[in-house]
Amino acid sequence: MPYQSILKSLAENVPHSIGAIIVDWEGEAVQEFCHCDPYDLRFVGAHTGIILAQLKKLYSSGNGGEISDVLVTASGGHLIVGCIDREYSLVLNVERECPAALALYHFRITVAHLKKEF
């Protein structure tokens with residue numbers, strides 16, 4: 001599985017990256033690469049996977065179409081969560097110093113790459 005190298009490339013191409021993780025629809029970790037304690041990233045990944053699933057349900061009930069990705073900005077950083085397919089999502093956690101648009105750009109390229117692998 002090339003997932004580890006794909007995640008490593010994402011984390012290394014995004015300045016101030018904390019880590020990236022692939023999670024399934026229940027929030028279970030599939031693969032991660034991080035510059036932190038892997039437990040911390042798995043914890044974030046588990047919760048964001050669940051939140052993304054709920055947002056997808058909520059948003060699809062209207063006429064908004066399907067959610068591709070979600071960017072959350074907090075005082076400490078940015079969290080990007082996006083759909084790889086119906087069952088898997090990618091989570092990228094970066095420090096606040098990272099420009100959100102740059103992180104989102106690399107994130108979307110990685111999601112497109114992962115879609116080919118799944």
# chains A, B, ... in the order shown; residues from 1 in each chain; ligands from 1
>>> residues_around(residues="Ile50 of chain A", least_positions_apart="5", cutoff="9 Å", atoms="only C-alpha atoms", output="list in words")
Trp25, Glu26, Gly27, Gly45 and Leu55 of chain A
>>> write_last_selection(atoms="N, CA and C atoms", output="mmCIF file, in the first residue's frame")
data_model
loop_
_atom_site.group_PDB
_atom_site.id
_atom_site.type_symbol
_atom_site.label_atom_id
_atom_site.label_comp_id
_atom_site.auth_asym_id
_atom_site.auth_seq_id
_atom_site.Cartn_x
_atom_site.Cartn_y
_atom_site.Cartn_z
ATOM 1 N N TRP A 25 -15.179 5.348 7.770
ATOM 2 C CA TRP A 25 -16.431 6.044 8.086
ATOM 3 C C TRP A 25 -16.760 6.034 9.574
ATOM 4 N N GLU A 26 -16.144 5.132 10.343
ATOM 5 C CA GLU A 26 -16.369 5.094 11.790
ATOM 6 C C GLU A 26 -15.304 5.873 12.552
ATOM 7 N N GLY A 27 -14.336 6.442 11.829
ATOM 8 C CA GLY A 27 -13.268 7.184 12.472
ATOM 9 C C GLY A 27 -12.057 6.335 12.834
ATOM 10 N N GLY A 45 -8.347 12.313 14.225
ATOM 11 C CA GLY A 45 -8.901 11.638 13.048
ATOM 12 C C GLY A 45 -10.209 10.931 13.338
ATOM 13 N N LEU A 55 -21.859 15.758 8.908
ATOM 14 C CA LEU A 55 -22.007 16.903 8.010
ATOM 15 C C LEU A 55 -22.493 16.460 6.633
#
>>> closest_atom_pairs(of="segment 28-51 of chain A", to="segment 93-101 of chain A", cutoff="12 Å", atoms="only C-alpha atoms", output="JSON lines")
{"residue": "A:Glu32", "atom": "CA", "partner": "A:Asn93", "partner_atom": "CA", "distance": 11.3}
{"residue": "A:Phe33", "atom": "CA", "partner": "A:Asn93", "partner_atom": "CA", "distance": 10.7}
{"residue": "A:Cys34", "atom": "CA", "partner": "A:Asn93", "partner_atom": "CA", "distance": 9.1}
{"residue": "A:His35", "atom": "CA", "partner": "A:Asn93", "partner_atom": "CA", "distance": 10.2}
{"residue": "A:Cys36", "atom": "CA", "partner": "A:Asn93", "partner_atom": "CA", "distance": 10.5}
{"residue": "A:Asp40", "atom": "CA", "partner": "A:Asn93", "partner_atom": "CA", "distance": 10.6}
{"residue": "A:Leu41", "atom": "CA", "partner": "A:Asn93", "partner_atom": "CA", "distance": 8.0}
{"residue": "A:Arg42", "atom": "CA", "partner": "A:Asn93", "partner_atom": "CA", "distance": 11.1}
{"residue": "A:Phe43", "atom": "CA", "partner": "A:Asn93", "partner_atom": "CA", "distance": 11.7}
{"residue": "A:Val44", "atom": "CA", "partner": "A:Asn93", "partner_atom": "CA", "distance": 8.6}
{"residue": "A:Gly45", "atom": "CA", "partner": "A:Asn93", "partner_atom": "CA", "distance": 9.2}
{"residue": "A:Thr48", "atom": "CA", "partner": "A:Asn93", "partner_atom": "CA", "distance": 10.7}
>>> write_last_selection(atoms="C-alpha atoms", output="short mmCIF file (atom, residue, chain, number, x, y, z; two decimals), in the first residue's frame")
data_model
loop_
_atom_site.label_atom_id
_atom_site.label_comp_id
_atom_site.auth_asym_id
_atom_site.auth_seq_id
_atom_site.Cartn_x
_atom_site.Cartn_y
_atom_site.Cartn_z
CA GLU A 32 -1.08 8.01 9.34
CA PHE A 33 2.09 10.03 9.06
CA CYS A 34 2.80 12.68 11.67
CA HIS A 35 5.33 14.85 13.42
CA CYS A 36 3.59 14.28 16.76
CA ASP A 40 -2.99 12.47 19.20
CA LEU A 41 -3.51 12.34 15.44
CA ARG A 42 -5.64 9.17 15.69
CA PHE A 43 -7.79 10.87 18.32
CA VAL A 44 -8.34 13.90 16.06
CA GLY A 45 -8.90 11.64 13.05
CA THR A 48 -13.29 14.38 12.54
#
>>> atom_distance(atom1="atom CA of Ile80 of chain A", atom2="atom CA of Lys57 of chain A")
18.1 Å
>>> closest_residue(among="A:Ala74, A:Ala11, A:Ile22, A:Leu92", to="Leu114 of chain A", atoms="only C-alpha atoms")
A:Ile22
>>> closest_residue(among="A:Tyr39, A:Tyr3, A:Val23, A:Gln31", to="Gly82 of chain A", atoms="only C-alpha atoms")
A:Val23
>>> select_by_dssp(residues="segment 35-102 of chain A", states="helix (DSSP H, G or I)", output="VMD selection string")
chain A and resid 38 to 60 100 to 102
>>> closest_residue(among="A:Glu28, A:Glu12, A:Asp37, A:Glu66", to="Tyr88 of chain A", atoms="only C-alpha atoms")
A:Glu28
>>> closest_residue(among="A:Leu102, A:Val81, A:Ala29, A:Ile109", to="Ser9 of chain A", atoms="only C-alpha atoms")
A:Ile109
>>> closest_residue(among="A:Ala112, A:Ile18, A:Leu10, A:Leu58", to="Asp85 of chain A", atoms="only C-alpha atoms")
A:Ala112
>>> atom_distance(atom1="atom CA of Ala20 of chain A", atom2="atom CA of Val91 of chain A")
5.5 Å
>>> select_by_dssp(residues="chain A", states="strand (DSSP E or B)", output="ChimeraX atom specification")
/A:17-24,29-34,69-73,77-83,88-95
>>> write_last_selection(atoms="C-alpha atoms", output="PDB file, in the first residue's frame")
ATOM      1  CA  SER A  17       2.217  20.284   9.100  1.00  0.00           C
ATOM      2  CA  ILE A  18       1.454  18.273  12.221  1.00  0.00           C
ATOM      3  CA  GLY A  19       0.265  15.186  10.390  1.00  0.00           C
ATOM      4  CA  ALA A  20      -2.131  13.473   8.024  1.00  0.00           C
ATOM      5  CA  ILE A  21      -4.318  10.445   8.574  1.00  0.00           C
ATOM      6  CA  ILE A  22      -6.729   8.309   6.569  1.00  0.00           C
ATOM      7  CA  VAL A  23      -9.784   7.203   8.552  1.00  0.00           C
ATOM      8  CA  ASP A  24     -12.770   5.049   7.707  1.00  0.00           C
ATOM      9  CA  ALA A  29      -7.346   4.933  11.589  1.00  0.00           C
ATOM     10  CA  VAL A  30      -6.192   3.251   8.378  1.00  0.00           C
ATOM     11  CA  GLN A  31      -2.770   4.904   7.998  1.00  0.00           C
ATOM     12  CA  GLU A  32      -1.082   8.013   9.337  1.00  0.00           C
ATOM     13  CA  PHE A  33       2.088  10.035   9.059  1.00  0.00           C
ATOM     14  CA  CYS A  34       2.802  12.681  11.668  1.00  0.00           C
ATOM     15  CA  ASP A  69     -13.882  18.841   2.161  1.00  0.00           C
ATOM     16  CA  VAL A  70     -14.205  20.971   5.273  1.00  0.00           C
ATOM     17  CA  LEU A  71     -11.685  23.473   6.643  1.00  0.00           C
ATOM     18  CA  VAL A  72     -11.798  24.326  10.334  1.00  0.00           C
ATOM     19  CA  THR A  73      -9.620  27.163  11.574  1.00  0.00           C
ATOM     20  CA  GLY A  77      -4.191  25.685  13.687  1.00  0.00           C
ATOM     21  CA  HIS A  78      -6.176  24.419  10.744  1.00  0.00           C
ATOM     22  CA  LEU A  79      -7.853  21.077  10.338  1.00  0.00           C
ATOM     23  CA  ILE A  80      -8.892  19.906   6.879  1.00  0.00           C
ATOM     24  CA  VAL A  81     -11.132  16.890   6.428  1.00  0.00           C
ATOM     25  CA  GLY A  82     -12.098  15.559   3.028  1.00  0.00           C
ATOM     26  CA  CYS A  83     -13.769  12.621   1.369  1.00  0.00           C
ATOM     27  CA  TYR A  88     -12.795   6.845   3.737  1.00  0.00           C
ATOM     28  CA  SER A  89     -11.611  10.349   4.458  1.00  0.00           C
ATOM     29  CA  LEU A  90      -8.350  12.211   4.804  1.00  0.00           C
ATOM     30  CA  VAL A  91      -7.533  14.512   7.703  1.00  0.00           C
ATOM     31  CA  LEU A  92      -4.703  17.052   7.660  1.00  0.00           C
ATOM     32  CA  ASN A  93      -3.712  18.912  10.814  1.00  0.00           C
ATOM     33  CA  VAL A  94      -1.452  21.978  10.453  1.00  0.00           C
ATOM     34  CA  GLU A  95      -0.251  24.749  12.721  1.00  0.00           C
TER      35      GLU A  95
END
>>> atom_distance(atom1="atom CA of Leu104 of chain A", atom2="atom CA of Pro38 of chain A")
21.8 Å
>>> closest_residue(among="A:Leu7, A:Ile67, A:Ile84, A:Val111", to="Gln54 of chain A", atoms="only C-alpha atoms")
A:Ile67
>>> decode(residues="segment 15-114 of chain A", atoms="C-alpha atoms", output="PDB file, in the first residue's frame")
ATOM      1  CA  PRO A  15       4.706  23.871   5.884  1.00  0.00           C
ATOM      2  CA  HIS A  16       3.966  23.603   9.612  1.00  0.00           C
ATOM      3  CA  SER A  17       2.217  20.284   9.100  1.00  0.00           C
ATOM      4  CA  ILE A  18       1.454  18.273  12.221  1.00  0.00           C
ATOM      5  CA  GLY A  19       0.265  15.186  10.390  1.00  0.00           C
ATOM      6  CA  ALA A  20      -2.131  13.473   8.024  1.00  0.00           C
ATOM      7  CA  ILE A  21      -4.318  10.445   8.574  1.00  0.00           C
ATOM      8  CA  ILE A  22      -6.729   8.309   6.569  1.00  0.00           C
ATOM      9  CA  VAL A  23      -9.784   7.203   8.552  1.00  0.00           C
ATOM     10  CA  ASP A  24     -12.770   5.049   7.707  1.00  0.00           C
ATOM     11  CA  TRP A  25     -16.431   6.044   8.086  1.00  0.00           C
ATOM     12  CA  GLU A  26     -16.369   5.094  11.790  1.00  0.00           C
ATOM     13  CA  GLY A  27     -13.268   7.184  12.472  1.00  0.00           C
ATOM     14  CA  GLU A  28     -10.910   4.207  12.680  1.00  0.00           C
ATOM     15  CA  ALA A  29      -7.346   4.933  11.589  1.00  0.00           C
ATOM     16  CA  VAL A  30      -6.192   3.251   8.378  1.00  0.00           C
ATOM     17  CA  GLN A  31      -2.770   4.904   7.998  1.00  0.00           C
ATOM     18  CA  GLU A  32      -1.082   8.013   9.337  1.00  0.00           C
ATOM     19  CA  PHE A  33       2.088  10.035   9.059  1.00  0.00           C
ATOM     20  CA  CYS A  34       2.802  12.681  11.668  1.00  0.00           C
ATOM     21  CA  HIS A  35       5.326  14.848  13.422  1.00  0.00           C
ATOM     22  CA  CYS A  36       3.590  14.280  16.757  1.00  0.00           C
ATOM     23  CA  ASP A  37       2.420  11.445  18.981  1.00  0.00           C
ATOM     24  CA  PRO A  38       0.426   9.168  16.622  1.00  0.00           C
ATOM     25  CA  TYR A  39      -2.208   8.735  19.343  1.00  0.00           C
ATOM     26  CA  ASP A  40      -2.993  12.467  19.198  1.00  0.00           C
ATOM     27  CA  LEU A  41      -3.508  12.336  15.439  1.00  0.00           C
ATOM     28  CA  ARG A  42      -5.640   9.172  15.686  1.00  0.00           C
ATOM     29  CA  PHE A  43      -7.786  10.869  18.320  1.00  0.00           C
ATOM     30  CA  VAL A  44      -8.343  13.895  16.065  1.00  0.00           C
ATOM     31  CA  GLY A  45      -8.901  11.638  13.048  1.00  0.00           C
ATOM     32  CA  ALA A  46     -11.502   9.545  14.845  1.00  0.00           C
ATOM     33  CA  HIS A  47     -13.573  12.538  15.826  1.00  0.00           C
ATOM     34  CA  THR A  48     -13.288  14.379  12.535  1.00  0.00           C
ATOM     35  CA  GLY A  49     -14.277  11.249  10.629  1.00  0.00           C
ATOM     36  CA  ILE A  50     -17.461  11.066  12.664  1.00  0.00           C
ATOM     37  CA  ILE A  51     -18.135  14.802  12.264  1.00  0.00           C
ATOM     38  CA  LEU A  52     -17.605  14.612   8.499  1.00  0.00           C
ATOM     39  CA  ALA A  53     -20.090  11.743   8.263  1.00  0.00           C
ATOM     40  CA  GLN A  54     -22.665  13.820  10.138  1.00  0.00           C
ATOM     41  CA  LEU A  55     -22.007  16.903   8.010  1.00  0.00           C
ATOM     42  CA  LYS A  56     -22.403  14.820   4.847  1.00  0.00           C
ATOM     43  CA  LYS A  57     -25.790  13.579   6.047  1.00  0.00           C
ATOM     44  CA  LEU A  58     -26.932  17.033   7.074  1.00  0.00           C
ATOM     45  CA  TYR A  59     -25.752  18.786   3.918  1.00  0.00           C
ATOM     46  CA  SER A  60     -27.028  16.151   1.501  1.00  0.00           C
ATOM     47  CA  SER A  61     -30.536  16.457   2.932  1.00  0.00           C
ATOM     48  CA  GLY A  62     -30.739  19.934   1.358  1.00  0.00           C
ATOM     49  CA  ASN A  63     -29.912  20.912  -2.185  1.00  0.00           C
ATOM     50  CA  GLY A  64     -26.249  21.670  -1.577  1.00  0.00           C
ATOM     51  CA  GLY A  65     -24.799  18.577  -3.212  1.00  0.00           C
ATOM     52  CA  GLU A  66     -22.092  16.459  -1.656  1.00  0.00           C
ATOM     53  CA  ILE A  67     -19.373  17.705   0.666  1.00  0.00           C
ATOM     54  CA  SER A  68     -15.847  17.404  -0.724  1.00  0.00           C
ATOM     55  CA  ASP A  69     -13.882  18.841   2.161  1.00  0.00           C
ATOM     56  CA  VAL A  70     -14.205  20.971   5.273  1.00  0.00           C
ATOM     57  CA  LEU A  71     -11.685  23.473   6.643  1.00  0.00           C
ATOM     58  CA  VAL A  72     -11.798  24.326  10.334  1.00  0.00           C
ATOM     59  CA  THR A  73      -9.620  27.163  11.574  1.00  0.00           C
ATOM     60  CA  ALA A  74      -8.913  27.574  15.276  1.00  0.00           C
ATOM     61  CA  SER A  75      -6.524  29.733  17.250  1.00  0.00           C
ATOM     62  CA  GLY A  76      -3.940  26.932  17.235  1.00  0.00           C
ATOM     63  CA  GLY A  77      -4.191  25.685  13.687  1.00  0.00           C
ATOM     64  CA  HIS A  78      -6.176  24.419  10.744  1.00  0.00           C
ATOM     65  CA  LEU A  79      -7.853  21.077  10.338  1.00  0.00           C
ATOM     66  CA  ILE A  80      -8.892  19.906   6.879  1.00  0.00           C
ATOM     67  CA  VAL A  81     -11.132  16.890   6.428  1.00  0.00           C
ATOM     68  CA  GLY A  82     -12.098  15.559   3.028  1.00  0.00           C
ATOM     69  CA  CYS A  83     -13.769  12.621   1.369  1.00  0.00           C
ATOM     70  CA  ILE A  84     -11.701  10.075  -0.514  1.00  0.00           C
ATOM     71  CA  ASP A  85     -14.770   7.971  -1.226  1.00  0.00           C
ATOM     72  CA  ARG A  86     -17.996   7.057   0.595  1.00  0.00           C
ATOM     73  CA  GLU A  87     -16.166   5.140   3.325  1.00  0.00           C
ATOM     74  CA  TYR A  88     -12.795   6.845   3.737  1.00  0.00           C
ATOM     75  CA  SER A  89     -11.611  10.349   4.458  1.00  0.00           C
ATOM     76  CA  LEU A  90      -8.350  12.211   4.804  1.00  0.00           C
ATOM     77  CA  VAL A  91      -7.533  14.512   7.703  1.00  0.00           C
ATOM     78  CA  LEU A  92      -4.703  17.052   7.660  1.00  0.00           C
ATOM     79  CA  ASN A  93      -3.712  18.912  10.814  1.00  0.00           C
ATOM     80  CA  VAL A  94      -1.452  21.978  10.453  1.00  0.00           C
ATOM     81  CA  GLU A  95      -0.251  24.749  12.721  1.00  0.00           C
ATOM     82  CA  ARG A  96      -1.812  28.193  12.445  1.00  0.00           C
ATOM     83  CA  GLU A  97       1.298  29.622  10.718  1.00  0.00           C
ATOM     84  CA  CYS A  98       0.531  27.571   7.618  1.00  0.00           C
ATOM     85  CA  PRO A  99      -1.510  29.476   5.038  1.00  0.00           C
ATOM     86  CA  ALA A 100      -4.867  27.686   4.882  1.00  0.00           C
ATOM     87  CA  ALA A 101      -5.110  28.053   1.098  1.00  0.00           C
ATOM     88  CA  LEU A 102      -1.718  26.393   0.601  1.00  0.00           C
ATOM     89  CA  ALA A 103      -2.654  23.507   2.898  1.00  0.00           C
ATOM     90  CA  LEU A 104      -5.986  23.095   1.108  1.00  0.00           C
ATOM     91  CA  TYR A 105      -4.262  23.089  -2.280  1.00  0.00           C
ATOM     92  CA  HIS A 106      -1.900  20.253  -1.321  1.00  0.00           C
ATOM     93  CA  PHE A 107      -4.726  18.462   0.483  1.00  0.00           C
ATOM     94  CA  ARG A 108      -6.926  18.380  -2.615  1.00  0.00           C
ATOM     95  CA  ILE A 109      -4.080  17.108  -4.788  1.00  0.00           C
ATOM     96  CA  THR A 110      -3.514  14.323  -2.259  1.00  0.00           C
ATOM     97  CA  VAL A 111      -7.195  13.399  -2.151  1.00  0.00           C
ATOM     98  CA  ALA A 112      -7.210  13.113  -5.953  1.00  0.00           C
ATOM     99  CA  HIS A 113      -4.140  10.875  -5.755  1.00  0.00           C
ATOM    100  CA  LEU A 114      -5.720   8.709  -3.046  1.00  0.00           C
TER     101      LEU A 114
END
